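Student: work11.pdb is the file, holding PDB, C-alpha atoms, pLDDT in the B column:
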```pdb
ATOM      1  CA  MET X   1    -169.449 101.493-180.162  1.00 93.00           C
ATOM      2  CA  TYR X   2    -168.132  98.553-178.134  1.00 95.00           C
ATOM      3  CA  PHE X   3    -166.114  95.562-179.274  1.00 96.00           C
ATOM      4  CA  VAL X   4    -165.797  92.017-178.020  1.00 96.00           C
ATOM      5  CA  TYR X   5    -162.449  90.544-179.005  1.00 96.00           C
ATOM      6  CA  ILE X   6    -160.440  87.365-178.615  1.00 97.00           C
ATOM      7  CA  LEU X   7    -156.653  87.376-178.557  1.00 95.00           C
ATOM      8  CA  TYR X   8    -154.401  84.380-179.137  1.00 96.00           C
ATOM      9  CA  SER X   9    -150.825  83.821-177.984  1.00 93.00           C
ATOM     10  CA  ALA X  10    -148.991  81.220-180.063  1.00 94.00           C
ATOM     11  CA  SER X  11    -146.076  80.998-177.614  1.00 92.00           C
ATOM     12  CA  ARG X  12    -148.386  80.146-174.699  1.00 91.00           C
ATOM     13  CA  ASP X  13    -151.115  78.487-176.811  1.00 95.00           C
ATOM     14  CA  VAL X  14    -153.823  80.361-174.895  1.00 94.00           C
ATOM     15  CA  TYR X  15    -156.757  82.624-175.700  1.00 96.00           C
ATOM     16  CA  TYR X  16    -157.884  85.778-173.924  1.00 94.00           C
ATOM     17  CA  LYS X  17    -161.301  87.401-174.288  1.00 96.00           C
ATOM     18  CA  GLY X  18    -162.189  90.978-173.552  1.00 95.00           C
ATOM     19  CA  PHE X  19    -164.226  94.006-174.527  1.00 94.00           C
ATOM     20  CA  SER X  20    -163.267  97.589-175.210  1.00 95.00           C
ATOM     21  CA  GLU X  21    -164.290 100.758-176.997  1.00 95.00           C
ATOM     22  CA  ASN X  22    -160.849 100.852-178.662  1.00 94.00           C
ATOM     23  CA  VAL X  23    -159.420  97.428-179.529  1.00 92.00           C
ATOM     24  CA  GLU X  24    -156.224  98.810-181.072  1.00 92.00           C
ATOM     25  CA  LYS X  25    -155.368 100.732-177.893  1.00 93.00           C
ATOM     26  CA  ARG X  26    -156.320  97.745-175.754  1.00 90.00           C
ATOM     27  CA  LEU X  27    -154.119  95.407-177.813  1.00 90.00           C
ATOM     28  CA  LEU X  28    -151.150  97.728-177.263  1.00 89.00           C
ATOM     29  CA  HIS X  29    -151.918  97.589-173.539  1.00 87.00           C
ATOM     30  CA  HIS X  30    -151.698  93.787-173.672  1.00 83.00           C
ATOM     31  CA  LEU X  31    -148.549  93.791-175.830  1.00 86.00           C
ATOM     32  CA  GLU X  32    -146.814  96.132-173.376  1.00 83.00           C
ATOM     33  CA  SER X  33    -147.482  93.581-170.587  1.00 77.00           C
ATOM     34  CA  LYS X  34    -149.751  95.946-168.670  1.00 77.00           C
ATOM     35  CA  GLY X  35    -152.561  93.423-168.261  1.00 76.00           C
ATOM     36  CA  LYS X  36    -152.524  90.954-165.368  1.00 79.00           C
ATOM     37  CA  TYR X  37    -153.348  87.824-167.391  1.00 81.00           C
ATOM     38  CA  THR X  38    -151.609  88.878-170.599  1.00 83.00           C
ATOM     39  CA  SER X  39    -148.336  90.114-169.095  1.00 84.00           C
ATOM     40  CA  GLY X  40    -145.147  88.331-170.023  1.00 82.00           C
ATOM     41  CA  THR X  41    -146.340  87.558-173.541  1.00 82.00           C
ATOM     42  CA  ASP X  42    -145.673  89.950-176.396  1.00 79.00           C
ATOM     43  CA  ASN X  43    -147.156  88.012-179.300  1.00 88.00           C
ATOM     44  CA  TRP X  44    -150.913  88.460-178.831  1.00 92.00           C
ATOM     45  CA  THR X  45    -152.922  88.647-182.045  1.00 93.00           C
ATOM     46  CA  VAL X  46    -156.589  89.469-182.548  1.00 95.00           C
ATOM     47  CA  VAL X  47    -158.338  86.355-183.869  1.00 97.00           C
ATOM     48  CA  TYR X  48    -161.932  87.577-183.439  1.00 98.00           C
ATOM     49  CA  MET X  49    -163.637  90.929-183.094  1.00 96.00           C
ATOM     50  CA  ARG X  50    -167.283  91.966-183.205  1.00 97.00           C
ATOM     51  CA  SER X  51    -168.825  95.392-182.703  1.00 96.00           C
ATOM     52  CA  PHE X  52    -171.920  96.290-180.679  1.00 95.00           C
ATOM     53  CA  VAL X  53    -173.834  99.538-180.325  1.00 94.00           C
ATOM     54  CA  SER X  54    -173.895  99.290-176.519  1.00 89.00           C
ATOM     55  CA  LYS X  55    -172.563  97.126-173.696  1.00 85.00           C
ATOM     56  CA  SER X  56    -175.974  95.555-173.157  1.00 83.00           C
ATOM     57  CA  THR X  57    -176.533  94.395-176.740  1.00 70.00           C
TER
END
```
Let's see the structure in the file written out as structure tokens.

Tutor:
Amino acid sequence: MYFVYILYSASRDVYYKGFSENVEKRLLHHLESKGKYTSGTDNWTVVYMRSFVSKST
């Protein structure tokens, strides 16, 4: 199962979109400032998430 998700940072007033097989693990990655675009912000929240059976769906 794959997920498309959108994160929002209130402090930066920006959105980030991504996809992952494990959104919870991926969110922790973003919160720990390990992502290039999302680093430096520790208040990302998931505002949208949708599951898909495969990447090509």

Student: Work out how far apart CA of Val53 (chain X) and CA of Tyr37 (chain X) are and give it in Å to one decimal.

Tutor: 26.9 Å

Student: As AutoDock Vina command-line options, please report the centre and edge lengths, rounded to one decimal in Å, of the axis-aligned box that holds all listed atoms of region 45-48 of chain X with 5 Å of padding on each of the six sides.

Tutor:
```
--center_x -157.4 --center_y 87.9 --center_z -183.0 --size_x 19.0 --size_y 13.1 --size_z 11.8
```

Student: List the residues matched by the PyMOL selection byres ((chain X and resi 48) around 6) in the displayed structure as an MDAnalysis selection string, ordered by chain and then by residue number.

Tutor: chainID X and resid 5:6 46:47 49

Student: Using the chain letters and numbers from the file, give me the residues hit by the PyMOL selection byres ((chain X and resi 51) around 12), as a list in words.

Tutor: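 Output of the PyMOL selection byres ((chain X and resi 51) around 12): Met1, Tyr2, Phe3, Val4, Tyr5, Phe19, Ser20, Glu21, Asn22, Val23, Tyr48, Met49, Arg50, Phe52, Val53, Ser54, Lys55, Ser56 and Thr57 of chain X.
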
Student: Which residues come within 12 Å of Asp13 (chain X), counting only C-alpha atoms, excluding same-chain residues fewer than 5 positions away, as a PyMOL selection string?

Tutor: chain X and resi 7-8+41+43-45
